[in-house]
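K.L.:
I am attaching a structure below and will ask some questions about it afterwards.
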Amino acid sequence: MSERYAVGLHEIDEAGVALAGGKGAHLGGLTRIEGIHVPAGFCVTTDAFRRVMAQAPSIDEAFDRLSRLGPDDREATRAISAQLRRTIEETAVPGEIAAAITGAVGRLGERVACAVRSSATAEDLPTASFAGQQDTYLNVAGPESILRHVSRCWASLFTERAVTYRRRNGIDHRTVHMAVVVQRMVFPEAAGILFTADPVTGNRRVTTVEAGFGLGEALVSGLVNPDVYQVRDGEVVARAVGTKRLAIHADPAGGTREEAIDPERQDRPALTDAQVLRLAHLGRRIEAHFGRPQDIEWCLAGDDFQIVQSRPITTLFPVPESADGENHVYLSVGHQQMMTDAMKPLGLSFWQMTTPAPMAEAGGRLFVDVTQRLAAPATREALLELMARSDPLTTDAVRSILERDGYIRPLPDAAPPAPLPRAAPDPIEPDPAVVTELIRLGEESVAAAERDIRTKSGPALLDFIEADLQELRRVLFDRRSHQVFMSAMEAAWWLNDKLLEWLGEKNVADTLTQSVPNNVTSEMGLALLDVADAIRPHPDVVAFLHDVADEDFLDELPKLPGGPEARDAIEAWLERYGMRCTGEIDITRPRWRERPSTLVPVILGNIRNFEPGAGARRFEQGRLEAEAKERDVLERLRALPDGERRAEETKRMIDLARTFIGYREYPKYGMISRYFVYKRALLEEAGRLALREREDIFYLTFPELREVVRTNRVDDALIARRREAFRSHQALTPPRVLTSDGEALMGEYRRDDVPAGALAGLPVSAGFVEGRARVVLDLAQAALEPGDILVTAYTDPSWTPLFVAIAGLVTEVGGLMTHGAVIAREYGLPAVVGVVGATRLIADGQRIRVHGTDGYVEILP
């Protein structure tokens with residue numbers, strides 16, 4: 001039995017997480033790498049931990065109590081965690097386990113000083129590092145003391161911070177077990193951390209070394225400012241020597257102690273450049289063995305580097321695969337589409353099949369490779385001009401790459417890039433009938449797909465969808481359709497440029513394009529106000545909606561006075577807009593039709609905050625403001641030299657913008673409508689497959705799903721891996737620009753017109769407003785009052801129903817023509833987008849001032 005309770009590190013490898021925990025498995029793997037020195041030791045296995053836990057039945061009851069706690073119940077979490085630790089530390093170690101541990105200690109040397117380190121099974125994994133969540137004890141000598149500290153390591157699985165961390169990451173406490181690593185202590189002259197990729201920029205070609213005197217715990221705990229070195233291509237390219245006033249050394253009595261460093265040594269480097277390069281080389285060996293960038297703890301004793309820990313760096317954004325070894329530059333699709341969340345494989349697959357540009361996948365997001373376009377001067381300038389129209393942060397990030405000599409060059413054997421959509425469309429007259437006809441054709445096309453798909457099942461269904469996607473692409477990228485909305489956008493840009501030049505007024509088009517016709521997204525928000533009007537007169541229905549907890553509430557409504565009318569109003573709205581949802585470009589996301597309860601808080605807010613007829617009044621108010629601004633602008637222009645000509649040109653541009661800008665939202669509405677047709681058919685087909693649950697198909701690509709439908713054979717292990725990968729992708733923040741070196745760039749605003757302390761952004765809807773900030777990350781949790789300013793990461797069309805209740809908008813992601821900006825302008829809401837870190841830097845409830853004309857946000861005292 002002793003072999004199960006204590007095993008040598010050389011008997012373990014990285015596949016042994018279940019037995020040795022993350023740290024133990026990685027240390028075992030390190031012992032197998034040629035040239036890597038690991039202090040001798042053994043691992044007290046999870047078998048020992050489970051046996052000790054089985055001797056304390058009260059632990060199960062404590063787990064049950066933890067599972068019932070609310071996420072913010074810190075006091076109860078602290079109390080239960082403390083009880084669990086006491087129980088484990090007071091449980092006697094069974095004789096067989098104690099014998100196995102003392103035998104292994106004897107083989108190291110009975111009085112040899114050791115490090116005793118926790119090694120949990122959910123630790124140092126590719127998706128969660130859990131760094132610092134459990135305990136480590138240094139300079140522990142003697143079998144009895146080591147046994148005592150092993151028990152403490154077991155108990156540290158239930159520190160408050162470890163319990164909270166697991167709860168936030170959705171990890172069941174019962175599934176995590178604790179092993180303990182016991183190793184000979186190293187008493188180093190220097191120690192530190194080695195990152196095989198730059199932890200700040202993500203650059204995989206840069207190794208970062210942090211070093212200090214004594215044990216590495218001084219660095220890990222933040223007691224000293226370390227020396228920092230950066231190595232690239234076998235050369236130290238940057239160094240910063242820190243002032244190291246303290247070091248941690250072993251205490252002769254056991255444990256460790258802090259010691260002051262002599263003043264003449266404080267500014268000396270802990271390593272020579274030659275040692276840094278040797279250490280970086282060792283890091284590359286370790287990285288190659290584990291197959292991904294590593295965070296490595298090292299010690300230098302004599303002239304020997306000892307590796308005491310290696311874990312994956314879990315915060316790096318993945319890099320799209322490329323086999324040519326050349327430099328590549330990728331632009332985030334999500335930042336253009338206002339949906340930066342991770343997508344499931346089927347969602348990624350559908351988006352790739354829908355769009356004409358080839359897209360690379362990384363971290364559950366899509367990116368467009370623009371390397372070849374940037375390599376050619378003509379296409380480079382066209383791309384930069386297009387980006388500058390929408391997102392200055394992306395433009396800045398790309399320009400910073402272009403400034404690097406030799407980084408961008410034509411790719412060998414690459415086809416010349418396709419021309420970008422024409423910035424200046426063919427001339428078109430502002431005829432409303434053009435829009436009416438385009439909408440009719442689009443809706444007829446969706447209706448035909450919905451009719452024809454009903455007769456399809458099995459492989460024929462997948463064939464139909466693949467063929468019908470070509471019809472979707474034809475509608476989406478129709479030349480006439482593109483001409484219409486590009487003419488409107490060009491007209492709006494012309495108005496802003498010319499009226500600033502002629503009248504000195506900024507962003508006039510924002511007011512001129514309020515309450516335009518045929519904007520299906522802004523109409524959606526106003527139509528939900530009409531739903532509130534239908535429900536407001538029926539108090540029993542309103543009371544019932546306050547207690548809605550599941551999705552069958554629409555079936556219950558007709559039992560109430562006024563319920564049939566309420567249900568009909570909601571159903572009519574869902575018939576028109578129910579295919580939409582947050583993150584709607586991902587076909588796997590639940591639609592409002594599938595989860596209508598999502599709408600209930602918004603409907604109740606509209607009932608509470610608005611009077612009957614608010615939707616029509618809101619639209620009419622915006623229309624009148626636009627008309628008044630048009631009269632004002634034209635009158636002022638006519639008073640200028642050559643005023644009649646200027647007024648005539650301006651009037652034409654106003655008519656173009658107002659006639660056509662609303663259609664800007666229709667192509668995407670048609671695409672989402674069609675996606676929902678596909679989704680319902682696929683879920684029905686999934687019900688006939690050998691799946692554990694229908695939604696398992698979301699973790700398959702379209703070709704994989706086709707094969708599953710053909711064979712009715714499902715790889716459950718693949719689906720489980722994809723679920724885990726998606727969970728890890730959700731925790732990542734995608735960059736606006738990503739290089740093939742792994743460098744994640746967000747760009748900067750290079751402006752001198754922003755007051756000190758203000759948050760810079762992109763002005764997308766003119767005006768000025770001051771009010772209470774409501775930081776909302778989940779639309780379903782929004783609790784907004786009139787006059788609030790919505791602060792969020794991004795807004796896609798699904799957020800539009802909230803816009804009727806707010807006074808201003810601040811987002812972290814966005815551009816001049818993204819959906820949030822378009823709707824903010826139509827509703828007359830001052831808006832600033834692209835405010836980096838807005839949801840973190842602005843506290844919920846703070847008063848802020850939004851400068852929608854000038855593009856910045858002030859946080860008020």
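The way I read the labels, and the way they are meant: chains A, B, ... in the order of the structure tokens, residue 1 as the first residue of every chain, and ligand 1 as the first ligand shown, with later ones counted on from there.
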Apply DSSP to the structure's backbone, then extract all residues of segment 91-175 of chain A labelled helix (DSSP H, G or I) and return them as number ranges by chain.
P.N.:
A: 95-108, 143-158, 160-168, 173-175
K.L.:
Those residues you just picked out, can you put them in a file as a short mmCIF file (atom, residue, chain, number, x, y, z; two decimals), in the first residue's frame with N, CA and C atoms?
P.N.:
```cif
data_model
loop_
_atom_site.label_atom_id
_atom_site.label_comp_id
_atom_site.auth_asym_id
_atom_site.auth_seq_id
_atom_site.Cartn_x
_atom_site.Cartn_y
_atom_site.Cartn_z
N GLY A 95 -2.06 4.92 10.17
CA GLY A 95 -0.72 4.36 10.32
C GLY A 95 -0.05 4.02 9.00
N GLU A 96 -0.80 3.43 8.07
CA GLU A 96 -0.18 3.05 6.79
C GLU A 96 0.33 4.26 6.03
N ILE A 97 -0.45 5.35 6.10
CA ILE A 97 -0.04 6.57 5.40
C ILE A 97 1.19 7.17 6.08
N ALA A 98 1.14 7.24 7.40
CA ALA A 98 2.28 7.79 8.15
C ALA A 98 3.54 6.99 7.87
N ALA A 99 3.42 5.67 7.80
CA ALA A 99 4.58 4.83 7.53
C ALA A 99 5.14 5.08 6.13
N ALA A 100 4.25 5.23 5.17
CA ALA A 100 4.70 5.49 3.80
C ALA A 100 5.46 6.82 3.72
N ILE A 101 4.93 7.84 4.42
CA ILE A 101 5.58 9.16 4.36
C ILE A 101 6.92 9.14 5.07
N THR A 102 6.97 8.57 6.28
CA THR A 102 8.24 8.56 7.02
C THR A 102 9.28 7.71 6.30
N GLY A 103 8.84 6.63 5.61
CA GLY A 103 9.78 5.83 4.83
C GLY A 103 10.38 6.64 3.70
N ALA A 104 9.52 7.43 3.01
CA ALA A 104 10.01 8.25 1.91
C ALA A 104 10.92 9.36 2.42
N VAL A 105 10.59 9.93 3.59
CA VAL A 105 11.46 10.95 4.19
C VAL A 105 12.82 10.34 4.51
N GLY A 106 12.83 9.11 5.04
CA GLY A 106 14.09 8.45 5.36
C GLY A 106 14.97 8.27 4.14
N ARG A 107 14.36 8.02 2.99
CA ARG A 107 15.16 7.84 1.78
C ARG A 107 15.78 9.17 1.32
N LEU A 108 15.12 10.29 1.65
CA LEU A 108 15.72 11.59 1.35
C LEU A 108 16.83 11.93 2.34
N PRO A 143 10.63 13.65 10.41
CA PRO A 143 9.39 12.98 9.99
C PRO A 143 8.14 13.54 10.67
N GLU A 144 8.20 13.80 11.97
CA GLU A 144 7.00 14.26 12.68
C GLU A 144 6.56 15.64 12.16
N SER A 145 7.54 16.52 11.98
CA SER A 145 7.21 17.85 11.50
C SER A 145 6.67 17.79 10.07
N ILE A 146 7.23 16.93 9.26
CA ILE A 146 6.75 16.82 7.87
C ILE A 146 5.33 16.27 7.86
N LEU A 147 5.04 15.26 8.71
CA LEU A 147 3.68 14.74 8.79
C LEU A 147 2.69 15.84 9.17
N ARG A 148 3.07 16.67 10.13
CA ARG A 148 2.20 17.74 10.59
C ARG A 148 1.94 18.74 9.45
N HIS A 149 2.97 19.04 8.68
CA HIS A 149 2.81 20.01 7.61
C HIS A 149 2.08 19.41 6.41
N VAL A 150 2.16 18.10 6.23
CA VAL A 150 1.34 17.46 5.20
C VAL A 150 -0.14 17.66 5.53
N SER A 151 -0.52 17.47 6.79
CA SER A 151 -1.91 17.69 7.20
C SER A 151 -2.32 19.14 6.96
N ARG A 152 -1.41 20.06 7.21
CA ARG A 152 -1.74 21.48 6.97
C ARG A 152 -1.96 21.74 5.48
N CYS A 153 -1.16 21.09 4.64
CA CYS A 153 -1.37 21.24 3.19
C CYS A 153 -2.72 20.68 2.78
N TRP A 154 -3.09 19.52 3.30
CA TRP A 154 -4.42 18.98 3.01
C TRP A 154 -5.50 19.99 3.39
N ALA A 155 -5.34 20.56 4.59
CA ALA A 155 -6.35 21.50 5.09
C ALA A 155 -6.40 22.77 4.24
N SER A 156 -5.25 23.13 3.64
CA SER A 156 -5.22 24.39 2.88
C SER A 156 -6.06 24.32 1.61
N LEU A 157 -6.54 23.14 1.26
CA LEU A 157 -7.49 23.05 0.15
C LEU A 157 -8.76 23.83 0.46
N PHE A 158 -8.96 24.14 1.75
CA PHE A 158 -10.20 24.78 2.17
C PHE A 158 -9.95 26.12 2.85
N GLU A 160 -10.29 30.09 2.76
CA GLU A 160 -11.40 30.87 2.20
C GLU A 160 -11.11 31.28 0.75
N ARG A 161 -9.85 31.69 0.48
CA ARG A 161 -9.54 32.13 -0.89
C ARG A 161 -9.62 30.98 -1.88
N ALA A 162 -9.21 29.74 -1.45
CA ALA A 162 -9.28 28.60 -2.35
C ALA A 162 -10.72 28.19 -2.62
N VAL A 163 -11.54 28.20 -1.58
CA VAL A 163 -12.96 27.85 -1.74
C VAL A 163 -13.64 28.86 -2.66
N THR A 164 -13.39 30.15 -2.43
CA THR A 164 -14.01 31.19 -3.25
C THR A 164 -13.55 31.09 -4.70
N TYR A 165 -12.27 30.82 -4.91
CA TYR A 165 -11.73 30.69 -6.26
C TYR A 165 -12.43 29.57 -7.02
N ARG A 166 -12.60 28.42 -6.34
CA ARG A 166 -13.26 27.29 -7.02
C ARG A 166 -14.72 27.62 -7.33
N ARG A 167 -15.39 28.28 -6.41
CA ARG A 167 -16.79 28.62 -6.66
C ARG A 167 -16.91 29.55 -7.86
N ARG A 168 -16.03 30.53 -7.95
CA ARG A 168 -16.08 31.47 -9.08
C ARG A 168 -15.76 30.80 -10.40
N HIS A 173 -16.26 21.31 -5.18
CA HIS A 173 -15.27 21.01 -4.14
C HIS A 173 -15.01 19.52 -4.02
N ARG A 174 -16.03 18.71 -4.25
CA ARG A 174 -15.87 17.26 -4.07
C ARG A 174 -14.97 16.64 -5.14
N THR A 175 -14.82 17.34 -6.26
CA THR A 175 -14.03 16.76 -7.35
C THR A 175 -12.55 17.11 -7.24
#
```
K.L.:
Taking 2 positions as the minimum chain separation for residues in the same chain, which residues sit within 8 Å of Glu297 of chain A when counting only C-alpha atoms? Answer as a list in words.
P.N.:
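Answer for this query is Ala191, Gly192, Ile193, Leu194, Gly216, Asp295, Cys299, Ile307, Val308, Gln309 and Ser310 of chain A.
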K.L.:
Could you dump the residues just selected with N, CA, C and O atoms as a compact mmCIF listing (two decimals), in the first residue's frame?
P.N.:
```
# COMPACT_ATOMS: atom_id res chain seq x y z
N ALA A 191 17.13 33.41 -6.60
CA ALA A 191 15.96 32.64 -7.04
C ALA A 191 15.00 33.60 -7.73
O ALA A 191 15.14 34.83 -7.63
N GLY A 192 14.02 33.03 -8.40
CA GLY A 192 13.06 33.90 -9.05
C GLY A 192 12.10 33.15 -9.94
O GLY A 192 11.86 31.95 -9.76
N ILE A 193 11.58 33.87 -10.92
CA ILE A 193 10.54 33.36 -11.81
C ILE A 193 10.97 33.58 -13.24
O ILE A 193 11.58 34.61 -13.57
N LEU A 194 10.66 32.62 -14.07
CA LEU A 194 10.96 32.69 -15.49
C LEU A 194 9.67 32.49 -16.27
O LEU A 194 8.97 31.50 -16.06
N GLY A 216 12.98 32.35 -3.47
CA GLY A 216 12.08 33.02 -4.39
C GLY A 216 10.82 33.55 -3.75
O GLY A 216 10.11 34.35 -4.36
N ASP A 295 5.28 29.23 -16.68
CA ASP A 295 5.65 30.10 -15.55
C ASP A 295 6.47 29.20 -14.63
O ASP A 295 5.95 28.27 -14.03
N CYS A 299 15.81 28.20 -8.73
CA CYS A 299 16.78 28.56 -7.69
C CYS A 299 18.18 28.38 -8.27
O CYS A 299 18.41 27.47 -9.07
N ILE A 307 15.06 23.65 -10.76
CA ILE A 307 13.69 24.04 -11.09
C ILE A 307 12.77 23.45 -10.03
O ILE A 307 12.73 22.22 -9.83
N VAL A 308 12.04 24.31 -9.34
CA VAL A 308 11.19 23.84 -8.24
C VAL A 308 9.70 23.88 -8.58
O VAL A 308 8.88 23.37 -7.81
N GLN A 309 9.34 24.44 -9.73
CA GLN A 309 7.94 24.42 -10.12
C GLN A 309 7.83 24.92 -11.56
O GLN A 309 8.59 25.77 -12.00
N SER A 310 6.86 24.37 -12.29
CA SER A 310 6.53 24.87 -13.62
C SER A 310 5.04 24.68 -13.82
O SER A 310 4.50 23.61 -13.55
```
K.L.:
Need the shell around His819 of chain A: protein/DNA/RNA residues with any atom at most 12 Å away, counting only C-alpha atoms. Skip same-chain ones fewer than 3 positions apart. Format as a ChimeraX atom specification?
P.N.:
/A:335-339,390,519-522,661-666,668-669,764-765,794-800,803,811,813-816,822-826,833
K.L.:
Would you pick out the contacts of Val754 of chain A at 10 Å or less, using only C-alpha atoms, so that residues sharing its chain but fewer than 3 positions from it are not included, and give the list as a PyMOL selection string?
P.N.:
chain A and resi 749-751+757-761+854-858
K.L.:
List as an MDAnalysis selection string the protein and nucleic acid residues near segment 22-31 of chain A, meaning an atom at most 7 Å away when only C-alpha atoms are counted, but skip any in the same chain fewer than 5 places from it.
P.N.:
chainID A and resid 9:17 36:38 43 119:125 181 309:310
